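As stored in target-v8.cif (mmCIF, C-alpha atoms and all ligand atoms):
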data_protein
#
loop_
_atom_site.group_PDB
_atom_site.id
_atom_site.type_symbol
_atom_site.label_atom_id
_atom_site.label_comp_id
_atom_site.auth_asym_id
_atom_site.auth_seq_id
_atom_site.Cartn_x
_atom_site.Cartn_y
_atom_site.Cartn_z
ATOM 1 C CA MET A 978 -173.783 -41.261 138.743
ATOM 2 C CA LYS A 979 -172.307 -41.035 142.230
ATOM 3 C CA LEU A 980 -174.151 -42.223 145.311
ATOM 4 C CA TYR A 981 -175.318 -39.294 147.469
ATOM 5 C CA ASN A 982 -174.840 -38.878 151.194
ATOM 6 C CA PHE A 983 -177.870 -38.140 153.361
ATOM 7 C CA ALA A 984 -177.545 -34.334 153.441
ATOM 8 C CA GLU A 985 -177.246 -34.212 149.652
ATOM 9 C CA LEU A 986 -180.219 -36.536 149.193
ATOM 10 C CA LEU A 987 -182.353 -34.565 151.659
ATOM 11 C CA HIS A 988 -181.540 -31.399 149.741
ATOM 12 C CA ILE A 989 -182.719 -32.990 146.479
ATOM 13 C CA ALA A 990 -185.829 -34.310 148.245
ATOM 14 C CA LYS A 991 -186.709 -30.835 149.539
ATOM 15 C CA ASP A 992 -186.208 -29.352 146.068
ATOM 16 C CA ARG A 993 -188.775 -31.882 144.870
ATOM 17 C CA GLU A 994 -191.156 -30.889 147.663
ATOM 18 C CA PHE A 995 -190.667 -33.897 149.929
ATOM 19 C CA LYS A 996 -190.449 -33.042 153.639
ATOM 20 C CA ALA A 997 -188.569 -36.219 154.581
ATOM 21 C CA VAL A 998 -186.706 -39.109 153.015
ATOM 22 C CA GLY A 999 -187.940 -42.678 153.383
ATOM 23 C CA SER A 1000 -185.084 -45.089 153.995
ATOM 24 C CA PHE A 1001 -186.093 -48.554 152.911
ATOM 25 C CA ASN A 1002 -184.435 -51.838 153.910
ATOM 26 C CA LEU A 1003 -183.551 -54.094 150.994
ATOM 27 C CA HIS A 1004 -184.016 -57.741 151.974
ATOM 28 C CA CYS A 1005 -182.663 -59.514 148.892
ATOM 29 C CA LEU A 1006 -181.268 -58.571 145.493
ATOM 30 C CA GLU A 1007 -184.356 -59.767 143.604
ATOM 31 C CA MET A 1008 -186.363 -56.995 145.272
ATOM 32 C CA LEU A 1009 -184.120 -54.216 144.027
ATOM 33 C CA PRO A 1010 -185.990 -53.259 140.795
ATOM 34 C CA ALA A 1011 -189.093 -52.496 142.900
ATOM 35 C CA TYR A 1012 -187.257 -49.710 144.756
ATOM 36 C CA PHE A 1013 -186.196 -47.936 141.589
ATOM 37 C CA LYS A 1014 -189.621 -48.363 140.005
ATOM 38 C CA ALA A 1015 -191.247 -46.689 143.029
ATOM 39 C CA ALA A 1016 -188.747 -43.819 142.974
ATOM 40 C CA GLU A 1017 -189.366 -43.280 139.238
ATOM 41 C CA LYS A 1018 -193.155 -43.322 139.733
ATOM 42 C CA THR A 1019 -193.037 -40.688 142.484
ATOM 43 C CA ASN A 1020 -190.052 -38.657 141.249
ATOM 44 C CA SER A 1021 -188.532 -39.270 144.681
ATOM 45 C CA PRO A 1022 -184.840 -39.573 145.432
ATOM 46 C CA LEU A 1023 -184.110 -43.013 146.850
ATOM 47 C CA MET A 1024 -182.489 -44.147 150.091
ATOM 48 C CA ILE A 1025 -181.812 -47.860 150.351
ATOM 49 C CA GLN A 1026 -180.580 -49.227 153.655
ATOM 50 C CA ILE A 1027 -178.813 -52.483 154.232
ATOM 51 C CA SER A 1028 -178.780 -54.425 157.491
ATOM 52 C CA THR A 1029 -175.531 -56.105 158.488
ATOM 53 C CA GLY A 1030 -177.284 -59.442 157.819
ATOM 54 C CA THR A 1031 -178.139 -58.467 154.222
ATOM 55 C CA ALA A 1032 -174.640 -57.039 153.688
ATOM 56 C CA LYS A 1033 -173.156 -60.344 154.792
ATOM 57 C CA TYR A 1034 -175.546 -62.335 152.598
ATOM 58 C CA LEU A 1035 -175.032 -60.345 149.387
ATOM 59 C CA GLY A 1036 -171.613 -58.771 149.888
ATOM 60 C CA HIS A 1037 -170.847 -55.047 149.959
ATOM 61 C CA ARG A 1038 -169.289 -54.921 146.481
ATOM 62 C CA LEU A 1039 -172.297 -56.480 144.737
ATOM 63 C CA LEU A 1040 -174.647 -54.089 146.535
ATOM 64 C CA VAL A 1041 -172.622 -51.000 145.664
ATOM 65 C CA ASP A 1042 -172.155 -52.039 142.019
ATOM 66 C CA ALA A 1043 -175.781 -53.056 141.453
ATOM 67 C CA ILE A 1044 -177.272 -49.992 143.151
ATOM 68 C CA LYS A 1045 -174.871 -47.551 141.509
ATOM 69 C CA SER A 1046 -175.551 -49.042 138.105
ATOM 70 C CA LEU A 1047 -179.348 -48.845 138.522
ATOM 71 C CA ALA A 1048 -179.148 -45.304 139.928
ATOM 72 C CA GLU A 1049 -177.275 -44.274 136.805
ATOM 73 C CA SER A 1050 -179.413 -46.067 134.243
ATOM 74 C CA LYS A 1051 -182.689 -44.961 135.864
ATOM 75 C CA ASN A 1052 -181.376 -41.475 136.665
ATOM 76 C CA VAL A 1053 -182.543 -41.686 140.290
ATOM 77 C CA PRO A 1054 -180.473 -39.831 142.932
ATOM 78 C CA THR A 1055 -179.684 -42.594 145.415
ATOM 79 C CA CYS A 1056 -178.094 -42.940 148.842
ATOM 80 C CA LEU A 1057 -176.812 -46.337 149.984
ATOM 81 C CA HIS A 1058 -176.891 -46.560 153.784
ATOM 82 C CA LEU A 1059 -175.597 -49.191 156.214
ATOM 83 C CA ASP A 1060 -178.312 -49.723 158.828
ATOM 84 C CA HIS A 1061 -177.670 -50.477 162.569
ATOM 85 C CA CYS A 1062 -174.042 -51.447 162.943
ATOM 86 C CA SER A 1063 -172.095 -51.452 166.189
ATOM 87 C CA ASP A 1064 -168.860 -52.865 164.800
ATOM 88 C CA LEU A 1065 -166.356 -50.247 163.623
ATOM 89 C CA ASP A 1066 -164.521 -52.646 161.284
ATOM 90 C CA SER A 1067 -167.756 -53.471 159.451
ATOM 91 C CA ILE A 1068 -168.495 -49.759 159.141
ATOM 92 C CA GLN A 1069 -164.998 -49.181 157.724
ATOM 93 C CA LEU A 1070 -165.596 -51.961 155.183
ATOM 94 C CA ALA A 1071 -168.862 -50.358 154.043
ATOM 95 C CA ILE A 1072 -167.171 -46.956 153.705
ATOM 96 C CA ASP A 1073 -164.213 -48.426 151.808
ATOM 97 C CA THR A 1074 -166.507 -50.296 149.422
ATOM 98 C CA GLY A 1075 -168.512 -47.188 148.527
ATOM 99 C CA PHE A 1076 -171.551 -46.902 150.806
ATOM 100 C CA SER A 1077 -172.486 -43.219 150.973
ATOM 101 C CA SER A 1078 -173.991 -43.283 154.473
ATOM 102 C CA VAL A 1079 -173.580 -45.395 157.619
ATOM 103 C CA MET A 1080 -175.265 -45.843 160.971
ATOM 104 C CA TYR A 1081 -173.261 -46.428 164.103
ATOM 105 C CA ASP A 1082 -175.561 -47.942 166.734
ATOM 106 C CA GLY A 1083 -174.139 -47.439 170.216
ATOM 107 C CA SER A 1084 -177.568 -47.185 171.836
ATOM 108 C CA HIS A 1085 -176.771 -50.125 174.160
ATOM 109 C CA LEU A 1086 -173.744 -48.266 175.625
ATOM 110 C CA SER A 1087 -173.466 -45.426 178.119
ATOM 111 C CA ILE A 1088 -173.928 -42.010 176.525
ATOM 112 C CA GLU A 1089 -170.208 -41.265 177.041
ATOM 113 C CA GLU A 1090 -169.129 -44.421 175.160
ATOM 114 C CA ASN A 1091 -171.777 -43.856 172.494
ATOM 115 C CA ILE A 1092 -170.464 -40.302 171.954
ATOM 116 C CA ALA A 1093 -166.826 -41.457 171.847
ATOM 117 C CA ASN A 1094 -167.505 -44.211 169.294
ATOM 118 C CA THR A 1095 -169.760 -42.007 167.163
ATOM 119 C CA ARG A 1096 -166.934 -39.461 166.966
ATOM 120 C CA LYS A 1097 -164.567 -42.213 165.786
ATOM 121 C CA VAL A 1098 -167.036 -43.175 163.041
ATOM 122 C CA ILE A 1099 -167.427 -39.532 161.999
ATOM 123 C CA ASP A 1100 -163.632 -39.282 161.703
ATOM 124 C CA MET A 1101 -163.661 -42.355 159.456
ATOM 125 C CA ALA A 1102 -166.586 -41.170 157.310
ATOM 126 C CA ARG A 1103 -166.217 -37.404 156.807
ATOM 127 C CA PRO A 1104 -163.044 -37.466 154.670
ATOM 128 C CA LEU A 1105 -164.975 -39.591 152.156
ATOM 129 C CA ASN A 1106 -168.125 -37.448 152.282
ATOM 130 C CA VAL A 1107 -170.078 -40.313 153.891
ATOM 131 C CA SER A 1108 -172.884 -39.301 156.270
ATOM 132 C CA VAL A 1109 -173.239 -40.753 159.779
ATOM 133 C CA GLU A 1110 -176.372 -41.623 161.732
ATOM 134 C CA ALA A 1111 -176.258 -42.495 165.436
ATOM 135 C CA GLU A 1112 -178.911 -43.705 167.864
ATOM 136 C CA LEU A 1113 -179.762 -42.544 171.332
ATOM 137 C CA GLY A 1114 -182.244 -44.303 173.605
ATOM 138 C CA ALA A 1115 -183.485 -47.857 173.116
ATOM 139 C CA ILE A 1116 -186.099 -48.638 170.442
ATOM 140 C CA GLY A 1117 -188.111 -51.774 171.203
ATOM 141 C CA GLY A 1118 -188.838 -54.760 168.972
ATOM 142 C CA SER A 1119 -186.784 -57.011 166.735
ATOM 143 C CA GLU A 1120 -184.315 -55.883 164.072
ATOM 144 C CA ASP A 1121 -181.959 -58.199 162.150
ATOM 145 C CA GLY A 1122 -181.930 -60.715 165.008
ATOM 146 C CA LYS A 1123 -181.411 -58.125 167.768
ATOM 147 C CA VAL A 1124 -184.328 -57.986 170.207
ATOM 148 C CA VAL A 1125 -185.093 -55.156 172.634
ATOM 149 C CA ALA A 1126 -187.865 -56.245 175.018
ATOM 150 C CA MET A 1127 -190.697 -53.835 175.810
ATOM 151 C CA GLU A 1128 -189.416 -53.346 179.384
ATOM 152 C CA GLU A 1129 -185.986 -52.358 178.004
ATOM 153 C CA ILE A 1130 -187.319 -49.500 175.873
ATOM 154 C CA ALA A 1131 -185.726 -46.193 176.899
ATOM 155 C CA PHE A 1132 -187.144 -43.005 175.411
ATOM 156 C CA THR A 1133 -184.633 -40.403 174.287
ATOM 157 C CA THR A 1134 -184.524 -37.369 176.554
ATOM 158 C CA VAL A 1135 -184.252 -33.807 175.268
ATOM 159 C CA ASN A 1136 -181.134 -33.086 177.346
ATOM 160 C CA ASP A 1137 -179.307 -36.215 176.192
ATOM 161 C CA ALA A 1138 -180.189 -35.544 172.555
ATOM 162 C CA LYS A 1139 -178.865 -31.976 172.786
ATOM 163 C CA ARG A 1140 -175.668 -33.085 174.516
ATOM 164 C CA PHE A 1141 -175.143 -35.894 171.981
ATOM 165 C CA VAL A 1142 -175.545 -33.631 168.959
ATOM 166 C CA ASP A 1143 -173.423 -30.838 170.476
ATOM 167 C CA GLU A 1144 -170.576 -33.218 171.337
ATOM 168 C CA THR A 1145 -170.561 -35.261 168.128
ATOM 169 C CA GLY A 1146 -171.906 -33.058 165.315
ATOM 170 C CA VAL A 1147 -173.551 -36.223 163.938
ATOM 171 C CA ASP A 1148 -175.415 -35.859 160.611
ATOM 172 C CA MET A 1149 -178.657 -37.458 161.774
ATOM 173 C CA LEU A 1150 -179.911 -38.869 165.043
ATOM 174 C CA ALA A 1151 -182.266 -41.820 165.559
ATOM 175 C CA ILE A 1152 -184.445 -41.290 168.605
ATOM 176 C CA SER A 1153 -186.722 -43.505 170.643
ATOM 177 C CA ILE A 1154 -190.155 -41.860 170.806
ATOM 178 C CA GLY A 1155 -192.574 -44.782 170.827
ATOM 179 C CA THR A 1156 -192.130 -46.754 167.609
ATOM 180 C CA VAL A 1157 -190.803 -50.333 167.639
ATOM 181 C CA HIS A 1158 -188.944 -52.427 165.071
ATOM 182 C CA GLY A 1159 -190.931 -55.172 163.355
ATOM 183 C CA LEU A 1160 -194.639 -55.958 163.350
ATOM 184 C CA TYR A 1161 -196.810 -54.136 165.876
ATOM 185 C CA THR A 1162 -199.160 -56.047 168.083
ATOM 186 C CA GLY A 1163 -201.105 -52.844 168.729
ATOM 187 C CA LYS A 1164 -200.993 -49.212 167.631
ATOM 188 C CA ALA A 1165 -197.751 -47.219 167.816
ATOM 189 C CA HIS A 1166 -197.933 -44.414 170.364
ATOM 190 C CA ILE A 1167 -195.585 -41.746 169.078
ATOM 191 C CA GLN A 1168 -194.653 -39.112 171.638
ATOM 192 C CA HIS A 1169 -195.156 -36.057 169.451
ATOM 193 C CA GLN A 1170 -194.443 -33.541 172.224
ATOM 194 C CA ARG A 1171 -191.090 -35.180 173.024
ATOM 195 C CA LEU A 1172 -190.268 -35.145 169.315
ATOM 196 C CA ALA A 1173 -191.090 -31.459 168.958
ATOM 197 C CA GLU A 1174 -188.868 -30.614 171.944
ATOM 198 C CA ILE A 1175 -185.941 -32.690 170.646
ATOM 199 C CA THR A 1176 -186.280 -31.050 167.223
ATOM 200 C CA GLU A 1177 -186.166 -27.598 168.812
ATOM 201 C CA ALA A 1178 -183.170 -28.485 170.996
ATOM 202 C CA THR A 1179 -181.025 -30.254 168.385
ATOM 203 C CA ARG A 1180 -181.728 -28.638 165.000
ATOM 204 C CA THR A 1181 -180.341 -31.802 163.409
ATOM 205 C CA PRO A 1182 -182.172 -34.218 161.092
ATOM 206 C CA LEU A 1183 -183.983 -36.781 163.265
ATOM 207 C CA VAL A 1184 -184.687 -40.369 162.285
ATOM 208 C CA LEU A 1185 -187.801 -42.417 163.003
ATOM 209 C CA HIS A 1186 -187.078 -46.141 163.142
ATOM 210 C CA GLY A 1187 -189.762 -48.823 163.050
ATOM 211 C CA GLY A 1188 -191.862 -47.234 160.299
ATOM 212 C CA THR A 1189 -193.799 -50.462 159.669
ATOM 213 C CA GLY A 1190 -197.297 -50.253 161.096
ATOM 214 C CA VAL A 1191 -197.182 -46.523 161.930
ATOM 215 C CA SER A 1192 -200.461 -44.956 160.777
ATOM 216 C CA ASP A 1193 -200.361 -42.460 157.909
ATOM 217 C CA GLU A 1194 -201.625 -39.772 160.253
ATOM 218 C CA ASP A 1195 -198.876 -40.400 162.831
ATOM 219 C CA MET A 1196 -196.294 -40.502 160.077
ATOM 220 C CA ARG A 1197 -197.418 -37.143 158.661
ATOM 221 C CA LEU A 1198 -197.453 -35.590 162.141
ATOM 222 C CA ALA A 1199 -193.965 -36.944 162.913
ATOM 223 C CA VAL A 1200 -192.605 -35.530 159.661
ATOM 224 C CA ARG A 1201 -194.243 -32.198 160.425
ATOM 225 C CA SER A 1202 -192.594 -32.116 163.876
ATOM 226 C CA GLY A 1203 -189.044 -32.696 162.677
ATOM 227 C CA ILE A 1204 -188.488 -36.261 161.461
ATOM 228 C CA GLU A 1205 -186.490 -36.084 158.202
ATOM 229 C CA LYS A 1206 -185.585 -39.753 157.703
ATOM 230 C CA VAL A 1207 -188.157 -42.518 158.135
ATOM 231 C CA ASN A 1208 -187.008 -46.154 158.244
ATOM 232 C CA VAL A 1209 -189.296 -48.821 156.859
ATOM 233 C CA GLY A 1210 -188.160 -52.437 156.705
ATOM 234 C CA THR A 1211 -190.530 -55.212 157.738
ATOM 235 C CA GLU A 1212 -193.426 -54.052 155.574
ATOM 236 C CA MET A 1213 -191.649 -54.806 152.283
ATOM 237 C CA ASN A 1214 -190.586 -58.214 153.580
ATOM 238 C CA VAL A 1215 -194.156 -59.034 154.570
ATOM 239 C CA GLN A 1216 -195.568 -57.993 151.177
ATOM 240 C CA TRP A 1217 -192.937 -59.913 149.246
ATOM 241 C CA VAL A 1218 -193.250 -63.117 151.235
ATOM 242 C CA SER A 1219 -197.044 -63.134 151.274
ATOM 243 C CA GLN A 1220 -197.214 -62.620 147.480
ATOM 244 C CA CYS A 1221 -194.603 -65.354 146.949
ATOM 245 C CA LYS A 1222 -196.522 -67.762 149.181
ATOM 246 C CA ASN A 1223 -199.541 -67.192 146.956
ATOM 247 C CA THR A 1224 -197.852 -67.507 143.578
ATOM 248 C CA PHE A 1225 -195.461 -70.340 144.461
ATOM 249 C CA GLU A 1226 -198.373 -72.316 145.856
ATOM 250 C CA LYS A 1227 -200.271 -72.032 142.553
ATOM 251 C CA GLY A 1228 -197.328 -72.480 140.164
ATOM 252 C CA LYS A 1229 -195.681 -75.490 138.516
ATOM 253 C CA VAL A 1230 -192.019 -76.340 139.157
ATOM 254 C CA ASN A 1231 -191.047 -75.616 135.538
ATOM 255 C CA ASP A 1232 -192.757 -72.198 135.425
ATOM 256 C CA SER A 1233 -190.253 -69.365 135.064
ATOM 257 C CA VAL A 1234 -189.304 -68.246 138.535
ATOM 258 C CA ARG A 1235 -189.892 -64.692 137.333
ATOM 259 C CA ASN A 1236 -193.626 -65.438 137.129
ATOM 260 C CA PHE A 1237 -193.543 -65.813 140.905
ATOM 261 C CA LEU A 1238 -191.254 -62.917 141.689
ATOM 262 C CA VAL A 1239 -192.785 -60.184 139.530
ATOM 263 C CA PRO A 1240 -196.105 -60.046 141.466
ATOM 264 C CA ALA A 1241 -194.101 -59.961 144.710
ATOM 265 C CA ASN A 1242 -192.063 -57.037 143.432
ATOM 266 C CA ASP A 1243 -195.235 -55.277 142.247
ATOM 267 C CA ALA A 1244 -196.594 -55.520 145.800
ATOM 268 C CA VAL A 1245 -193.355 -54.048 147.174
ATOM 269 C CA THR A 1246 -193.482 -51.221 144.613
ATOM 270 C CA SER A 1247 -197.017 -50.359 145.769
ATOM 271 C CA VAL A 1248 -195.941 -50.125 149.421
ATOM 272 C CA LEU A 1249 -192.948 -47.971 148.535
ATOM 273 C CA VAL A 1250 -195.003 -45.620 146.341
ATOM 274 C CA GLU A 1251 -197.543 -45.225 149.134
ATOM 275 C CA LYS A 1252 -194.817 -44.404 151.690
ATOM 276 C CA MET A 1253 -192.923 -42.030 149.409
ATOM 277 C CA GLN A 1254 -196.114 -40.086 148.710
ATOM 278 C CA LEU A 1255 -196.721 -39.721 152.453
ATOM 279 C CA PHE A 1256 -193.535 -37.673 152.798
ATOM 280 C CA ARG A 1257 -194.645 -35.043 150.264
HETATM 281 P P1 LIG B 1 -189.454 -51.741 160.632
HETATM 282 O O1 LIG B 1 -188.933 -53.060 160.174
HETATM 283 O O2 LIG B 1 -190.273 -51.850 161.871
HETATM 284 O O3 LIG B 1 -190.147 -51.005 159.550
HETATM 285 O O4 LIG B 1 -188.178 -50.868 161.059
HETATM 286 C C1 LIG B 1 -187.128 -50.706 160.161
HETATM 287 C C2 LIG B 1 -186.006 -49.962 160.780
HETATM 288 O O5 LIG B 1 -186.201 -49.110 161.621
HETATM 289 C C3 LIG B 1 -184.658 -50.289 160.310
HETATM 290 O O6 LIG B 1 -183.673 -49.612 160.985
#
If you took the structure in this file and wrote it as structure tokens, what would it be?
Ligand code: 13P
Amino acid sequence: MKLYNFAELLHIAKDREFKAVGSFNLHCLEMLPAYFKAAEKTNSPLMIQISTGTAKYLGHRLLVDAIKSLAESKNVPTCLHLDHCSDLDSIQLAIDTGFSSVMYDGSHLSIEENIANTRKVIDMARPLNVSVEAELGAIGGSEDGKVVAMEEIAFTTVNDAKRFVDETGVDMLAISIGTVHGLYTGKAHIQHQRLAEITEATRTPLVLHGGTGVSDEDMRLAVRSGIEKVNVGTEMNVQWVSQCKNTFEKGKVNDSVRNFLVPANDAVTSVLVEKMQLFR
């Protein structure tokens, strides 16, 4: 089975009565079965996203081969997406190895430079049917070692979003509307009005980053107002590590390591099932 790009996956999701696609960060290879189990349980197509840190740790080829093979054997339509990447060579490597979707993150640049680089990435990706996500505005918090302080957060404006989409024709746009990457210290304050206006002005799939810690109600509202891709990363890491801390603590050194990892994966499956059902 081929890996699907975002537009193709969204189409399958809508056919199955999902309003949006969850895009879930994979933190290590051992976690991978949990993602497919959750997709099978909910009959959801699956979008797995890989940070540049994880890609470096596991290698692009291993990721593509493992995910393609599981997609085929489990019969789950799957999109493999490179998350936040601002280096064009790394994006080219992901495309050449078989990723079906990539994100160019030029949110730290001027809008003109961000547009110019996004267009370059689209030129690299389109001939191979690979979808491209870009980001406009600055989302706060910590993601794969990159930290955006609270005072550096810049919300995406309606005019900029319209200009960006008109001048690039990007497949999906990540916007800054109040979520942050990583664990929240308080409640997320999503700017639903801003989101509705950007949706109206752009008519392009919009992406909500920082899905961890967003309440179910906010998530449903965001999806209703135009979000079609929701990124969730930290939450699976937290579940996996906290389960492992528990089981490793109680186990003996000659116990099968699987005895420790299976409960951790079960916890990740539960989170993923819960999220996937939210997007129905
Ligand atoms: P969280 O880790 O906050 O869920 O955000 C993930 C994300 O947006 C990845 O791009």
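Taken over the shown file, the PyMOL selection byres (((chain A and resi 1146-1156) around 6) and not hetatm) identifies A:Val1109, A:Glu1110, A:Ala1111, A:Glu1112, A:Leu1113, A:Gly1114, A:Ala1115, A:Ile1116, A:Phe1132, A:Thr1133, A:Val1142, A:Asp1143, A:Thr1145, A:Val1157, A:Ala1165, A:His1166, A:Ile1167, A:Gln1168, A:Pro1182, A:Leu1183, A:Val1184, A:Gly1187.
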Long-range neighbours of Val1234 of chain A as a compact mmCIF listing (two decimals) with C-alpha atoms, keeping the file's coordinate frame, 12 Å cut-off, all atoms listed in the file, 4 positions minimum in chain:
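Produced file selection.txt, reproduced below:
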# COMPACT_ATOMS: atom_id res chain seq x y z
CA GLU A 1007 -184.36 -59.77 143.60
CA CYS A 1221 -194.60 -65.35 146.95
CA THR A 1224 -197.85 -67.51 143.58
CA PHE A 1225 -195.46 -70.34 144.46
CA GLY A 1228 -197.33 -72.48 140.16
CA LYS A 1229 -195.68 -75.49 138.52
CA VAL A 1230 -192.02 -76.34 139.16
CA LEU A 1238 -191.25 -62.92 141.69
CA VAL A 1239 -192.78 -60.18 139.53
CA PRO A 1240 -196.10 -60.05 141.47
CA ALA A 1241 -194.10 -59.96 144.71
> How far is it from atom CA of Asp1064 of chain A to atom CA of Asp1082 of chain A, in Å with one decimal?
Replying inline: 8.5 Å
> Once you count only C-alpha atoms and all ligand atoms, which residues end up within 9 Å of ligand LIG 1 (chain B), and could you hand them over as a PyMOL selection string?
Replying inline: chain A and resi 1000-1002+1026-1028+1060-1061+1116+1118-1121+1156-1161+1184-1191+1207-1214
Using the selection just defined, write its residues with C-alpha atoms as a JSON list (two decimals), in the frame of the given file.
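Below you can see result.json, which holds the result:
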[["chain", "number", "residue", "atom", "x", "y", "z"],
["A", 1000, "SER", "CA", -185.08, -45.09, 154.00],
["A", 1001, "PHE", "CA", -186.09, -48.55, 152.91],
["A", 1002, "ASN", "CA", -184.44, -51.84, 153.91],
["A", 1026, "GLN", "CA", -180.58, -49.23, 153.66],
["A", 1027, "ILE", "CA", -178.81, -52.48, 154.23],
["A", 1028, "SER", "CA", -178.78, -54.42, 157.49],
["A", 1060, "ASP", "CA", -178.31, -49.72, 158.83],
["A", 1061, "HIS", "CA", -177.67, -50.48, 162.57],
["A", 1116, "ILE", "CA", -186.10, -48.64, 170.44],
["A", 1118, "GLY", "CA", -188.84, -54.76, 168.97],
["A", 1119, "SER", "CA", -186.78, -57.01, 166.74],
["A", 1120, "GLU", "CA", -184.32, -55.88, 164.07],
["A", 1121, "ASP", "CA", -181.96, -58.20, 162.15],
["A", 1156, "THR", "CA", -192.13, -46.75, 167.61],
["A", 1157, "VAL", "CA", -190.80, -50.33, 167.64],
["A", 1158, "HIS", "CA", -188.94, -52.43, 165.07],
["A", 1159, "GLY", "CA", -190.93, -55.17, 163.35],
["A", 1160, "LEU", "CA", -194.64, -55.96, 163.35],
["A", 1161, "TYR", "CA", -196.81, -54.14, 165.88],
["A", 1184, "VAL", "CA", -184.69, -40.37, 162.28],
["A", 1185, "LEU", "CA", -187.80, -42.42, 163.00],
["A", 1186, "HIS", "CA", -187.08, -46.14, 163.14],
["A", 1187, "GLY", "CA", -189.76, -48.82, 163.05],
["A", 1188, "GLY", "CA", -191.86, -47.23, 160.30],
["A", 1189, "THR", "CA", -193.80, -50.46, 159.67],
["A", 1190, "GLY", "CA", -197.30, -50.25, 161.10],
["A", 1191, "VAL", "CA", -197.18, -46.52, 161.93],
["A", 1207, "VAL", "CA", -188.16, -42.52, 158.14],
["A", 1208, "ASN", "CA", -187.01, -46.15, 158.24],
["A", 1209, "VAL", "CA", -189.30, -48.82, 156.86],
["A", 1210, "GLY", "CA", -188.16, -52.44, 156.71],
["A", 1211, "THR", "CA", -190.53, -55.21, 157.74],
["A", 1212, "GLU", "CA", -193.43, -54.05, 155.57],
["A", 1213, "MET", "CA", -191.65, -54.81, 152.28],
["A", 1214, "ASN", "CA", -190.59, -58.21, 153.58]]
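Each of A:Asp1232, A:Met1196, A:Gln1254, A:Ala1048 was compared to Pro1010 of chain A using all atoms listed in the file, and A:Ala1048 turns out to be the nearest.
Going from atom CA of Asn1091 of chain A to atom CA of Leu980 of chain A covers 27.3 Å.
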>> From the options A:Asp1243, A:Glu994, A:Glu985, A:Asp1137, which residue's atoms come nearest to Arg1257 of chain A, counting all atoms listed in the file?
In response: A:Glu994
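Relative to atom CA of Ile1025 of chain A, atom CA of Asp1066 of chain A is found at 21.0 Å.
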>> Nearest residue to Asn982 of chain A out of A:His1058, A:Arg1180, A:Lys1045, A:Arg1201, using all atoms listed in the file?
In response: A:His1058
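Look at Ser1050 of chain A: the protein and nucleic acid residues within 12 Å of it, using only C-alpha atoms and passing over chain neighbours fewer than 6 places away, are Met978, Lys979, Pro1010, Phe1013, Lys1014, Glu1017, Ala1043 and Ile1044 of chain A.
Selection check: the PyMOL selection byres (((chain A and resi 989) around 12) and not hetatm) on the shown file gives Tyr981, Asn982, Phe983, Ala984, Glu985, Leu986, Leu987, His988, Ala990, Lys991, Asp992, Arg993, Glu994, Phe995, Lys996, Ala997, Val998, Asn1020, Ser1021, Pro1022, Leu1023, Met1024, Val1053, Pro1054, Thr1055 and Cys1056 of chain A.
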> So, counting all atoms listed in the file, which residue among A:Ser1108, A:Leu1059, A:Ala1011, A:Ile1204 is closest to Arg1171 of chain A?
Replying inline: A:Ile1204
> Which one of A:Asp1073, A:Glu1089, A:Glu1129, A:Asp1195 sits closest to Ala1102 of chain A if you count only C-alpha atoms?
Replying inline: A:Asp1073
> Do you know which residues are at most 9 Å from Arg1038 of chain A counting only C-alpha atoms, after dropping those on the same chain fewer than 5 positions away, and could you put them as a list of chain:residue names?
Replying inline: A:Ala1043, A:Ala1071, A:Thr1074, A:Gly1075
> So which one's closest to Ala1015 of chain A, A:Ala1093, A:Val1079, A:Val1248, A:Ile1130? Using only C-alpha atoms, please.
Replying inline: A:Val1248
>> So that I can check the surroundings of Glu1251 of chain A, please list as a list in words every protein, DNA and RNA residue that reaches within 10 Å of it, counting all atoms listed in the file and ignoring chain neighbours fewer than 5 positions away.
In response: Ala1015, Thr1019, Asp1193, Val1245, Thr1246 and Phe1256 of chain A
